[in-house]
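**Q** For reference, this is model.txt, and it has compact mmCIF, C-alpha atoms.
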# COMPACT_ATOMS: atom_id res chain seq x y z
CA MET Z 21 20.41 -27.86 -3.44
CA TYR Z 22 16.63 -27.86 -3.49
CA PHE Z 23 14.40 -28.68 -0.54
CA TYR Z 24 10.72 -29.35 -1.27
CA LEU Z 25 8.13 -28.81 1.43
CA TYR Z 26 4.59 -30.12 0.86
CA ASP Z 27 1.67 -28.61 2.76
CA ALA Z 28 -0.44 -30.97 4.85
CA PHE Z 29 -3.57 -30.54 2.74
CA LEU Z 30 -1.79 -32.11 -0.23
CA GLN Z 31 -2.15 -35.52 1.42
CA ASP Z 32 -5.69 -35.53 0.08
CA LYS Z 33 -6.03 -38.16 -2.66
CA LYS Z 34 -7.29 -35.62 -5.17
CA TYR Z 35 -3.79 -34.12 -5.36
CA ALA Z 36 -2.02 -37.46 -5.90
CA LYS Z 37 -2.00 -37.20 -9.69
CA VAL Z 38 -0.66 -33.64 -9.92
CA LEU Z 39 1.99 -34.39 -7.29
CA ALA Z 40 3.14 -37.44 -9.25
CA GLU Z 41 3.38 -35.31 -12.39
CA ILE Z 42 5.35 -32.64 -10.54
CA ASP Z 43 7.77 -35.22 -9.10
CA ALA Z 44 8.37 -36.62 -12.58
CA ARG Z 45 8.91 -33.19 -14.11
CA LEU Z 46 11.37 -32.17 -11.39
CA ILE Z 47 13.43 -35.27 -12.20
CA ASP Z 48 13.26 -34.44 -15.93
CA LEU Z 49 14.58 -30.97 -15.21
CA SER Z 50 17.23 -32.34 -12.79
CA ILE Z 51 16.05 -30.11 -9.97
CA GLN Z 52 14.82 -32.78 -7.61
CA GLY Z 53 15.82 -32.59 -3.96
CA ARG Z 54 15.05 -33.68 -0.45
CA THR Z 55 11.37 -33.51 0.42
CA SER Z 56 9.38 -33.13 3.60
CA ARG Z 57 5.70 -32.92 4.42
CA LEU Z 58 3.99 -30.62 6.87
CA THR Z 59 1.79 -32.30 9.44
CA ILE Z 60 0.11 -31.08 12.59
CA LEU Z 61 3.07 -32.47 14.51
CA ASN Z 62 5.88 -30.54 12.82
CA ASP Z 63 6.70 -26.88 12.34
CA MET Z 64 7.46 -25.22 9.03
CA LYS Z 65 10.20 -22.97 10.37
CA GLU Z 66 11.99 -25.88 12.05
CA LEU Z 67 11.83 -28.01 8.89
CA ILE Z 68 13.19 -25.18 6.75
CA THR Z 69 15.90 -24.24 9.23
CA ASP Z 70 16.98 -27.88 9.43
CA ALA Z 71 17.07 -28.17 5.62
CA VAL Z 72 19.18 -25.02 5.32
CA LYS Z 73 21.62 -26.43 7.90
CA ARG Z 74 21.89 -29.52 5.71
CA GLY Z 75 22.87 -27.37 2.75
CA ALA Z 76 19.64 -26.39 1.01
CA ASP Z 77 19.96 -23.07 -0.82
CA THR Z 78 16.49 -23.12 -2.37
CA VAL Z 79 13.33 -23.95 -0.45
CA VAL Z 80 10.37 -24.83 -2.66
CA ILE Z 81 6.91 -24.70 -1.14
CA LEU Z 82 4.06 -26.77 -2.56
CA GLY Z 83 0.75 -25.36 -1.42
CA ASP Z 84 -1.52 -22.33 -1.52
CA ASP Z 85 -1.31 -18.69 -0.40
CA LYS Z 86 -1.30 -19.53 3.27
CA THR Z 87 1.60 -21.96 2.81
CA VAL Z 88 3.60 -19.43 0.84
CA THR Z 89 3.07 -16.50 3.19
CA ARG Z 90 4.02 -18.69 6.17
CA ALA Z 91 7.12 -19.81 4.30
CA ILE Z 92 8.16 -16.23 3.51
CA SER Z 93 7.92 -15.43 7.23
CA ALA Z 94 9.83 -18.62 8.04
CA ILE Z 95 12.77 -17.77 5.76
CA ALA Z 96 12.91 -14.09 6.76
CA GLU Z 97 15.98 -14.70 8.91
CA LEU Z 98 17.65 -17.23 6.61
CA ASP Z 99 19.93 -16.82 3.61
CA VAL Z 100 17.95 -18.94 1.21
CA ALA Z 101 15.84 -18.51 -1.95
CA LEU Z 102 12.17 -19.38 -1.98
CA GLY Z 103 10.42 -21.16 -4.84
CA VAL Z 104 6.72 -21.89 -5.12
CA ILE Z 105 4.70 -24.61 -6.82
CA PRO Z 106 1.16 -23.35 -6.36
CA ILE Z 107 -1.51 -25.98 -5.77
CA GLY Z 108 -4.95 -25.42 -4.29
CA ALA Z 109 -7.80 -22.93 -4.51
CA ASN Z 110 -6.08 -19.73 -3.34
CA THR Z 111 -2.89 -19.03 -5.25
CA ALA Z 112 -2.93 -15.25 -5.62
CA VAL Z 113 0.59 -14.84 -4.21
CA ALA Z 114 2.02 -17.18 -6.84
CA ARG Z 115 0.11 -15.24 -9.50
CA TYR Z 116 1.83 -12.04 -8.33
CA LEU Z 117 5.15 -13.82 -8.54
CA GLY Z 118 4.33 -14.92 -12.09
CA ILE Z 119 4.33 -18.61 -11.29
CA PRO Z 120 1.76 -20.82 -13.05
CA GLU Z 121 -0.11 -23.50 -11.15
CA GLY Z 122 0.89 -27.13 -10.87
CA VAL Z 123 3.41 -28.81 -13.15
CA ALA Z 124 4.02 -25.66 -15.22
CA ALA Z 125 5.67 -24.06 -12.18
CA CYS Z 126 8.56 -26.54 -12.48
CA GLU Z 127 9.83 -24.79 -15.63
CA VAL Z 128 9.91 -21.46 -13.79
CA LEU Z 129 11.79 -23.06 -10.91
CA SER Z 130 14.40 -24.52 -13.22
CA LYS Z 131 15.18 -21.08 -14.68
CA ARG Z 132 15.93 -19.72 -11.19
CA VAL Z 133 15.18 -16.07 -11.97
CA ARG Z 134 15.37 -14.50 -8.53
CA GLU Z 135 13.98 -11.24 -7.23
CA SER Z 136 14.51 -9.71 -3.82
CA ILE Z 137 11.23 -8.51 -2.36
CA ASP Z 138 10.28 -6.40 0.64
CA ILE Z 139 8.45 -7.89 3.57
CA GLY Z 140 6.68 -6.24 6.48
CA LYS Z 141 7.51 -6.63 10.14
CA ALA Z 142 4.87 -6.05 12.81
CA GLY Z 143 6.48 -6.26 16.22
CA SER Z 144 8.42 -9.50 16.07
CA ASN Z 145 6.21 -11.04 13.35
CA TYR Z 146 6.79 -10.94 9.62
CA PHE Z 147 4.20 -10.61 6.89
CA ALA Z 148 4.64 -10.99 3.19
CA PHE Z 149 1.34 -9.93 1.75
CA TYR Z 150 -0.71 -7.67 4.01
CA LEU Z 151 -1.91 -6.88 7.47
CA ARG Z 152 -5.57 -6.19 8.10
CA SER Z 153 -7.19 -4.51 11.06
CA MET Z 154 -10.39 -6.24 12.13
CA SER Z 155 -11.63 -3.01 13.70
CA PRO Z 156 -11.77 0.61 12.50
CA HIS Z 157 -11.14 1.81 16.07
CA VAL Z 158 -7.44 2.35 15.64
CA LYS Z 159 -5.10 5.29 15.50
CA ILE Z 160 -2.21 5.28 13.05
CA VAL Z 161 0.74 7.32 14.20
CA SER Z 162 3.93 8.35 12.41
CA PRO Z 163 7.25 7.29 13.99
CA LEU Z 164 8.01 10.61 15.68
CA ARG Z 165 4.31 11.30 16.25
CA GLU Z 166 4.35 14.18 13.73
CA TYR Z 167 0.88 13.17 12.63
CA ALA Z 168 -1.90 10.80 13.59
CA LEU Z 169 -4.56 9.36 11.36
CA THR Z 170 -7.98 8.28 12.61
CA LEU Z 171 -11.08 7.06 10.83
CA LEU Z 172 -14.20 9.18 10.50
CA SER Z 173 -16.38 6.21 9.64
CA ASP Z 174 -17.06 2.97 11.51
CA ASP Z 175 -17.67 1.37 8.17
CA ALA Z 176 -14.12 1.39 6.87
CA GLU Z 177 -11.44 -1.24 6.49
CA ILE Z 178 -7.74 -0.79 7.16
CA PHE Z 179 -4.97 -2.65 5.40
CA VAL Z 180 -1.20 -2.40 5.48
CA CYS Z 181 -0.09 -3.79 2.16
CA ASN Z 182 3.06 -5.05 0.54
CA PHE Z 183 1.28 -6.64 -2.42
CA LEU Z 184 -2.21 -5.61 -3.52
CA PRO Z 185 -4.70 -7.64 -1.45
CA HIS Z 186 -7.41 -9.59 -3.21
CA GLU Z 187 -9.99 -7.56 -1.25
CA LEU Z 188 -8.82 -4.38 -2.96
CA GLU Z 189 -8.35 -5.69 -6.48
CA ARG Z 190 -11.86 -4.67 -7.49
CA GLU Z 191 -10.93 -1.03 -6.95
CA ALA Z 192 -8.11 -1.27 -9.47
CA PRO Z 193 -6.43 0.25 -11.37
CA TYR Z 194 -4.28 1.99 -8.82
CA PRO Z 195 -1.40 4.31 -9.61
CA ALA Z 196 1.52 2.19 -10.77
CA SER Z 197 3.67 3.41 -7.90
CA PHE Z 198 1.53 1.63 -5.29
CA PHE Z 199 1.80 -1.99 -4.09
CA VAL Z 200 5.24 -2.63 -5.56
CA PRO Z 201 6.91 -5.18 -3.24
CA ARG Z 202 10.40 -4.01 -4.03
CA ASP Z 203 10.03 -0.23 -3.59
CA GLY Z 204 11.10 -0.24 0.06
CA LYS Z 205 7.65 0.93 1.18
CA LEU Z 206 4.41 -0.45 2.52
CA GLU Z 207 1.04 1.17 1.83
CA LEU Z 208 -1.54 2.02 4.44
CA VAL Z 209 -4.95 1.68 2.79
CA VAL Z 210 -8.27 2.79 4.27
CA LYS Z 211 -11.27 1.78 2.23
CA GLU Z 212 -14.89 2.49 2.97
CA ARG Z 213 -16.92 -0.68 3.10
CA GLY Z 214 -20.09 -0.75 1.06
CA LYS Z 215 -18.59 1.15 -1.85
CA ASN Z 216 -18.29 -2.10 -3.69
CA SER Z 217 -21.91 -3.14 -3.92
CA LEU Z 218 -23.43 -3.64 -7.35
CA ILE Z 219 -25.49 -0.46 -6.91
CA ASP Z 220 -22.46 1.56 -5.96
CA ARG Z 221 -20.50 0.18 -8.86
CA TRP Z 222 -23.35 1.05 -11.19
CA LEU Z 223 -23.74 4.55 -9.73
CA PHE Z 224 -20.03 5.20 -9.89
CA GLN Z 225 -19.36 3.81 -13.31
CA ASN Z 226 -16.91 6.58 -13.88
CA ALA Z 227 -13.90 4.94 -12.26
CA ASP Z 228 -12.53 8.30 -11.21
CA GLU Z 229 -15.61 8.99 -9.07
CA LYS Z 230 -15.37 5.92 -6.87
CA ARG Z 231 -11.88 6.24 -5.49
CA GLU Z 232 -12.97 6.75 -1.93
CA PHE Z 233 -9.92 5.37 -0.28
CA THR Z 234 -6.79 6.54 1.48
CA ILE Z 235 -3.38 5.33 0.38
CA LEU Z 236 -0.38 6.40 2.39
CA PRO Z 237 3.03 4.90 1.56
CA PHE Z 238 5.36 4.59 4.53
CA THR Z 239 8.42 2.84 5.89
CA THR Z 240 7.50 2.87 9.59
CA LEU Z 241 4.17 3.43 11.35
CA ARG Z 242 2.56 2.53 14.64
CA ILE Z 243 -0.96 1.20 15.04
CA GLU Z 244 -2.67 1.78 18.36
CA ALA Z 245 -6.17 1.04 19.59
CA ASP Z 246 -8.03 4.36 19.84
CA THR Z 247 -9.29 3.53 23.34
CA LEU Z 248 -8.10 0.96 25.86
CA GLU Z 249 -11.52 -0.69 26.05
CA ARG Z 250 -11.58 -1.74 22.43
CA ASP Z 251 -10.76 -5.29 21.48
CA VAL Z 252 -8.75 -4.58 18.35
CA ARG Z 253 -7.09 -7.41 16.45
CA LEU Z 254 -4.73 -7.27 13.51
CA VAL Z 255 -4.43 -10.23 11.15
CA LEU Z 256 -1.16 -10.93 9.34
CA ASP Z 257 -1.47 -12.55 5.92
CA ASN Z 258 -4.96 -13.87 6.77
CA ASP Z 259 -3.32 -16.15 9.29
CA LYS Z 260 -1.74 -14.91 12.50
CA VAL Z 261 -3.63 -12.59 14.88
CA ILE Z 262 -1.81 -9.93 16.92
CA LYS Z 263 -2.94 -7.01 19.05
CA PRO Z 264 -1.95 -3.35 19.00
CA PRO Z 265 -0.05 -1.28 19.89
CA ILE Z 266 2.39 -2.48 17.31
CA ASP Z 267 5.18 -0.90 15.28
CA ILE Z 268 5.09 -1.79 11.61
CA THR Z 269 8.12 -1.41 9.41
CA VAL Z 270 9.25 -2.51 5.98
CA LEU Z 271 12.33 -4.68 5.47
CA PRO Z 272 13.44 -3.72 1.97
CA HIS Z 273 14.64 -6.45 -0.43
CA HIS Z 274 14.70 -8.87 2.45
CA VAL Z 275 13.59 -12.14 0.87
CA SER Z 276 14.80 -13.74 -2.36
CA VAL Z 277 12.06 -15.45 -4.36
CA ILE Z 278 12.05 -17.26 -7.68
CA VAL Z 279 9.75 -15.40 -10.08
CA GLY Z 280 8.29 -16.00 -13.51
CA LYS Z 281 8.20 -13.70 -16.50
CA ASP Z 282 4.54 -12.87 -15.84
CA ARG Z 283 5.20 -11.43 -12.39
CA MET Z 284 3.01 -8.45 -11.55
CA PHE Z 285 5.63 -6.10 -10.13
CA MET Y 11 -11.77 13.16 -11.25
CA PHE Y 12 -8.01 12.95 -11.51
CA LYS Y 13 -7.96 12.94 -15.27
CA LYS Y 14 -10.03 16.12 -15.31
CA ILE Y 15 -7.34 17.98 -13.46
CA ALA Y 16 -5.06 18.18 -16.44
CA LYS Y 17 -7.82 19.70 -18.52
CA GLN Y 18 -8.25 22.43 -15.93
CA GLY Y 19 -4.65 23.48 -16.18
CA GLY Y 20 -3.35 21.50 -13.25
CA ASP Y 21 -0.43 19.20 -13.13
CA ILE Y 22 -1.57 16.21 -11.10
CA GLN Y 23 -2.23 12.96 -12.90
CA PHE Y 24 -3.66 9.98 -11.09
CA ASP Y 25 -0.59 7.90 -11.91
CA ASP Y 26 1.65 10.52 -10.32
CA VAL Y 27 -0.04 10.56 -6.93
CA GLU Y 28 2.08 9.53 -3.98
CA THR Y 29 -0.43 10.00 -1.18
CA ILE Y 30 -4.23 9.98 -1.14
CA ILE Y 31 -5.95 11.13 2.03
CA GLY Y 32 -9.49 9.89 1.49
CA PRO Y 33 -12.85 11.17 2.76
CA SER Y 34 -13.13 8.64 5.57
CA VAL Y 35 -10.03 9.73 7.49
CA LYS Y 36 -8.87 12.60 9.66
CA LEU Y 37 -5.19 13.43 9.73
CA GLU Y 38 -3.94 15.60 12.58
CA GLY Y 39 -0.44 17.04 12.82
CA GLU Y 40 2.27 17.96 10.40
CA PHE Y 41 2.24 15.95 7.20
CA GLN Y 42 5.26 16.26 4.91
CA SER Y 43 5.68 14.61 1.55
CA LYS Y 44 8.01 14.65 -1.43
CA GLY Y 45 5.30 13.65 -3.91
CA ASN Y 46 1.88 14.68 -5.15
CA VAL Y 47 -0.81 14.66 -2.48
CA MET Y 48 -4.57 14.47 -2.87
CA VAL Y 49 -6.84 15.28 0.05
CA SER Y 50 -10.56 14.63 0.25
CA GLY Y 51 -10.79 14.05 4.00
CA VAL Y 52 -10.08 16.16 7.07
CA LEU Y 53 -6.61 17.54 7.73
CA ILE Y 54 -5.90 19.53 10.88
CA GLY Y 55 -2.35 20.79 10.91
CA LYS Y 56 0.22 21.50 8.25
CA LEU Y 57 0.51 20.01 4.78
CA GLU Y 58 3.85 20.44 3.06
CA THR Y 59 5.09 18.88 -0.13
CA SER Y 60 7.79 19.69 -2.63
CA GLU Y 61 5.36 18.61 -5.37
CA ASN Y 62 1.69 19.29 -6.04
CA VAL Y 63 -1.49 19.23 -4.00
CA ARG Y 64 -5.10 18.61 -4.93
CA ILE Y 65 -7.74 19.53 -2.36
CA GLU Y 66 -11.05 17.89 -3.25
CA THR Y 67 -14.55 19.30 -2.77
CA SER Y 68 -15.16 17.16 0.32
CA ALA Y 69 -11.88 18.16 1.99
CA GLN Y 70 -11.73 20.22 5.18
CA ILE Y 71 -8.29 21.67 5.87
CA GLU Y 72 -7.50 23.60 9.04
CA GLY Y 73 -3.90 24.60 8.69
CA ASP Y 74 -1.30 25.87 6.28
CA ILE Y 75 -0.53 24.37 2.89
CA THR Y 76 2.84 24.63 1.17
CA ALA Y 77 3.40 23.12 -2.27
CA ARG Y 78 4.77 23.67 -5.74
CA GLU Y 79 1.35 23.79 -7.44
CA ALA Y 80 -2.15 23.31 -6.11
CA ILE Y 81 -5.71 22.85 -7.20
CA ILE Y 82 -8.24 23.59 -4.52
CA ALA Y 83 -11.90 22.65 -4.66
CA GLY Y 84 -12.59 22.25 -0.92
CA ASN Y 85 -12.46 24.26 2.28
CA VAL Y 86 -9.16 25.60 3.57
CA HIS Y 87 -8.83 27.55 6.78
CA GLY Y 88 -5.19 28.55 6.79
CA ASN Y 89 -2.45 30.16 4.78
CA ILE Y 90 -1.53 28.81 1.36
CA ILE Y 91 1.96 29.19 -0.09
CA ILE Y 92 2.33 27.94 -3.64
CA ALA Y 93 5.61 28.42 -5.49
CA GLN Y 94 4.06 28.20 -8.94
CA HIS Y 95 0.44 27.95 -10.05
CA LEU Y 96 -2.65 27.85 -7.85
CA SER Y 97 -6.10 27.02 -9.21
CA LEU Y 98 -9.17 27.75 -7.13
CA LEU Y 99 -12.16 25.87 -8.47
CA SER Y 100 -15.71 27.16 -8.09
CA SER Y 101 -16.37 25.14 -4.94
CA ALA Y 102 -13.24 26.37 -3.14
CA LYS Y 103 -13.62 28.28 0.13
CA ILE Y 104 -10.42 29.83 1.44
CA THR Y 105 -10.03 31.68 4.73
CA GLY Y 106 -6.43 32.75 4.97
CA ASP Y 107 -3.66 34.44 3.06
CA ILE Y 108 -2.50 33.18 -0.32
CA THR Y 109 0.98 33.53 -1.79
CA ALA Y 110 1.38 32.10 -5.27
CA GLY Y 111 3.38 32.47 -8.47
CA SER Y 112 0.20 32.65 -10.50
CA ILE Y 113 -3.43 32.09 -9.73
CA ALA Y 114 -6.62 31.15 -11.57
CA ILE Y 115 -9.94 31.63 -9.83
CA GLN Y 116 -13.14 30.10 -11.10
CA GLN Y 117 -16.41 31.97 -10.69
CA GLY Y 118 -17.98 31.04 -7.36
CA ALA Y 119 -14.75 30.46 -5.46
CA GLN Y 120 -14.68 32.23 -2.09
CA MET Y 121 -11.55 33.91 -0.81
CA ASN Y 122 -11.17 35.76 2.47
CA GLY Y 123 -7.63 36.95 3.03
CA LYS Y 124 -4.70 38.62 1.38
CA CYS Y 125 -3.45 37.38 -1.95
CA SER Y 126 0.17 38.01 -2.84
CA MET Y 127 1.62 37.25 -6.25
CA VAL Y 128 5.27 36.35 -6.54
CA ALA Y 129 7.63 35.52 -9.40
CA THR Y 130 7.34 31.92 -10.52
CA VAL Y 131 10.45 30.01 -9.61
CA GLU Y 132 11.12 26.37 -10.35
CA PRO Y 133 11.48 24.85 -6.89
CA LYS Y 134 14.09 22.27 -6.06
CA PRO Y 135 12.69 19.16 -4.37
CA ALA Y 136 12.08 19.73 -0.66
CA ASP Y 137 12.82 23.39 -1.14
CA VAL Y 138 9.34 24.80 -1.52
CA LYS Y 139 9.25 26.41 1.91
CA GLN Y 140 12.43 28.42 1.45
CA ASN Y 141 11.47 29.38 -2.08
CA ALA Y 142 8.08 30.71 -1.09
CA ALA Y 143 9.49 32.63 1.85
CA SER Y 144 12.17 34.34 -0.25
CA VAL Y 145 9.73 35.69 -2.79
CA MET Y 146 7.11 36.90 -0.34
CA GLN Y 147 8.71 40.36 -0.26
CA ASP Y 148 7.51 41.15 -3.75
CA THR Y 149 3.80 41.14 -3.12
CA THR Y 150 0.75 42.52 -4.78
CA GLU Y 151 -2.34 42.72 -2.71
CA LEU Y 152 -5.45 41.71 -4.58
CA LEU Y 153 -8.05 41.71 -1.81
Turn this file's structure into structure tokens for me.

**A**
Amino acid sequence: MYFYLYDAFLQDKKYAKVLAEIDARLIDLSIQGRTSRLTILNDMKELITDAVKRGADTVVILGDDKTVTRAISAIAELDVALGVIPIGANTAVARYLGIPEGVAACEVLSKRVRESIDIGKAGSNYFAFYLRSMSPHVKIVSPLREYALTLLSDDAEIFVCNFLPHELEREAPYPASFFVPRDGKLELVVKERGKNSLIDRWLFQNADEKREFTILPFTTLRIEADTLERDVRLVLDNDKVIKPPIDITVLPHHVSVIVGKDRMF
Amino acid sequence: MFKKIAKQGGDIQFDDVETIIGPSVKLEGEFQSKGNVMVSGVLIGKLETSENVRIETSAQIEGDITAREAIIAGNVHGNIIIAQHLSLLSSAKITGDITAGSIAIQQGAQMNGKCSMVATVEPKPADVKQNAASVMQDTTELL
């Protein structure tokens, strides 16, 4: 049984037409189900948990990247498949899953091709896409403290990735073994800021010369602030903010998602 | 950079890399891997892998390196144990003893330490350390 959850921003009149088309197509494909709408007064996790208790085995999210990444975190502890109908400006997650925007996504949903993907866990919080440190003043430590990694530059960015973040796409291509959300690993990425300016890109036209980044695959790591005085914040999926110290681990094949044939992993 | 390695007789292709330690980081401690490792930053401690290592020009290593094959273009202050082939590029500066199955040294590379050649043996994964230790008896001192 399908449960459809609409993000709050879809109440805007400009989405009325595409939503009507989607509703009609879902009926055509006989995959309609109970629907609910997010508002400022309700909670996504509660709505999904309630739907699963009522028998839903597939939760379909209508919205953008933020909606989808929140939904993946919300279903992390539930035995349910996640489908996506991407609508809105930022739909990179759906693109990775191979799901086209709007009405076309209904066809993918109806085929129900499922893939189990990894997700990350930072403390008690889940993240589907990536974690980003808002400060370079951190120390990254291996689980048994065999090694510690610190930054030599204040002008560097730190990511912990499951998928390839949009911010790093311009550096592509990466080795095929990185950023695969079903390999049972996350990647720690340190990238120097400022290496992406037009001048830098012109100077380093040879792609092999501009790979000034660190990529370290791992299953468990700890991020600590390098001094107690620093106000270091970590952002999960461009949404939730947490503070170190925090243990980060991968949960392999933890979430079942419906994917399209054009998925990028 | 990575594509050039193959032309120079190395064995590390960009697509095969498991870990890249870039120029903006310092790694301290004992780093172990089962894949190819590229280093262009600072590493203080031990680097061990059952596969191959590439030490870039900008790299500063203070500690021992153990690997199947290696290409070194940066500074290494420590002992190097390579089960198969070691390439020292012209910018390499080594202070420490080298044990390798075979070695190629470009003009300009600096080496300060003993160099011992051993029979090339195909290492089993995660077995580089034992392999290198067992063949150290049969040494030929070059410097």

**Q** Residues of chain Z no more than 9 Å from chain Y, counting all atoms listed in the file: send them over as JSON, numbers by chain.

**A** {"Z": [165, 166, 167, 168, 169, 170, 171, 172, 173, 175, 176, 194, 195, 196, 197, 198, 210, 211, 212, 226, 227, 228, 229, 231, 232, 233, 234, 235, 236, 237]}

**Q** Measuring atom to atom with all atoms listed in the file, identify which of Y:Val86, Y:Ala110, Y:Ile92, Y:Ala102 is nearest to Thr59 (chain Y).

**A**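 The answer is Y:Ile92, which sits nearest to Thr59 (chain Y).
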
**Q** Give the answer as one residue: which of Z:Ala94, Z:Leu151, Z:Val158, Z:Val123 has the shortest atom-to-atom distance to Ile243 (chain Z), using all atoms listed in the file?

**A**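 Once distances to Ile243 (chain Z) are computed over all atoms listed in the file, the minimum belongs to Z:Val158.
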
**Q** Select, from Z:Thr59, Z:Gln52, Z:Asn145, Z:Ser155, the residue with the minimum atom-to-atom distance to Ala28 (chain Z), counting all atoms listed in the file.

**A**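 Ranking Z:Thr59, Z:Gln52, Z:Asn145, Z:Ser155 by distance to Ala28 (chain Z), first place goes to Z:Thr59.
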
**Q** Which of these residues is nearest to Gly45 (chain Y), using only C-alpha atoms: Y:Ser101, Y:Ala77, Y:Ile108, Y:Ile71?

**A**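 Under the stated criterion, the closest residue is Y:Ala77.
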
**Q** Within 12 Å of Ile119 (chain Z), counting only C-alpha atoms, which residues show up once you throw out same-chain ones fewer than 2 positions away? Write them as a PyMOL selection string, please.

**A** chain Z and resi 82+84+103-107+111-117+121-133+277-284

**Q** Restrict the selected residues to C-alpha atoms and save them as a PDB file, keeping the file's coordinate frame.

**A**
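The resulting again.pdb:
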ATOM      1  CA  LEU Z  82       4.060 -26.770  -2.560  1.00  0.00           C
ATOM      2  CA  ASP Z  84      -1.520 -22.330  -1.520  1.00  0.00           C
ATOM      3  CA  GLY Z 103      10.420 -21.160  -4.840  1.00  0.00           C
ATOM      4  CA  VAL Z 104       6.720 -21.890  -5.120  1.00  0.00           C
ATOM      5  CA  ILE Z 105       4.700 -24.610  -6.820  1.00  0.00           C
ATOM      6  CA  PRO Z 106       1.160 -23.350  -6.360  1.00  0.00           C
ATOM      7  CA  ILE Z 107      -1.510 -25.980  -5.770  1.00  0.00           C
ATOM      8  CA  THR Z 111      -2.890 -19.030  -5.250  1.00  0.00           C
ATOM      9  CA  ALA Z 112      -2.930 -15.250  -5.620  1.00  0.00           C
ATOM     10  CA  VAL Z 113       0.590 -14.840  -4.210  1.00  0.00           C
ATOM     11  CA  ALA Z 114       2.020 -17.180  -6.840  1.00  0.00           C
ATOM     12  CA  ARG Z 115       0.110 -15.240  -9.500  1.00  0.00           C
ATOM     13  CA  TYR Z 116       1.830 -12.040  -8.330  1.00  0.00           C
ATOM     14  CA  LEU Z 117       5.150 -13.820  -8.540  1.00  0.00           C
ATOM     15  CA  GLU Z 121      -0.110 -23.500 -11.150  1.00  0.00           C
ATOM     16  CA  GLY Z 122       0.890 -27.130 -10.870  1.00  0.00           C
ATOM     17  CA  VAL Z 123       3.410 -28.810 -13.150  1.00  0.00           C
ATOM     18  CA  ALA Z 124       4.020 -25.660 -15.220  1.00  0.00           C
ATOM     19  CA  ALA Z 125       5.670 -24.060 -12.180  1.00  0.00           C
ATOM     20  CA  CYS Z 126       8.560 -26.540 -12.480  1.00  0.00           C
ATOM     21  CA  GLU Z 127       9.830 -24.790 -15.630  1.00  0.00           C
ATOM     22  CA  VAL Z 128       9.910 -21.460 -13.790  1.00  0.00           C
ATOM     23  CA  LEU Z 129      11.790 -23.060 -10.910  1.00  0.00           C
ATOM     24  CA  SER Z 130      14.400 -24.520 -13.220  1.00  0.00           C
ATOM     25  CA  LYS Z 131      15.180 -21.080 -14.680  1.00  0.00           C
ATOM     26  CA  ARG Z 132      15.930 -19.720 -11.190  1.00  0.00           C
ATOM     27  CA  VAL Z 133      15.180 -16.070 -11.970  1.00  0.00           C
ATOM     28  CA  VAL Z 277      12.060 -15.450  -4.360  1.00  0.00           C
ATOM     29  CA  ILE Z 278      12.050 -17.260  -7.680  1.00  0.00           C
ATOM     30  CA  VAL Z 279       9.750 -15.400 -10.080  1.00  0.00           C
ATOM     31  CA  GLY Z 280       8.290 -16.000 -13.510  1.00  0.00           C
ATOM     32  CA  LYS Z 281       8.200 -13.700 -16.500  1.00  0.00           C
ATOM     33  CA  ASP Z 282       4.540 -12.870 -15.840  1.00  0.00           C
ATOM     34  CA  ARG Z 283       5.200 -11.430 -12.390  1.00  0.00           C
ATOM     35  CA  MET Z 284       3.010  -8.450 -11.550  1.00  0.00           C
TER      36      MET Z 284
END

**Q** Which of these residues is nearest to Val100 (chain Z), using only C-alpha atoms: Z:Ser276, Z:Leu254, Z:Gly83, Z:Ser136?

**A**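 Using only C-alpha atoms, Val100 (chain Z) sits closest to Z:Ser276.
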
**Q** Quote the spacing between CA of Ile137 (chain Z) and CA of Glu207 (chain Z) in Å to one decimal place.

**A**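 Value for the CA of Ile137 (chain Z)-CA of Glu207 (chain Z) distance: 14.7 Å.
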
**Q** Can you pull out the residues contacting Pro201 (chain Z)? Cut-off 7 Å, using all atoms listed in the file, and skip same-chain residues under 3 positions away; I want them as a PyMOL selection string.

**A** chain Z and resi 137-138+182-183

**Q** So how many Å separate CA of Tyr26 (chain Z) and CA of Arg57 (chain Z), to one decimal?

**A** 4.7 Å

**Q** Would you pick out the contacts of Asn122 (chain Y) at 7 Å or less, using only C-alpha atoms, so that residues sharing its chain but fewer than 4 positions from it are not included, and give the list as a list in words?

**A**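 Within the cut-off, the hits are Ile104, Thr105 and Gly106 of chain Y.
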
**Q** In Å, how far is it from CA of Ala76 (chain Z) to CA of Arg54 (chain Z)?

**A**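 Interatomic distance here is 8.7 Å.
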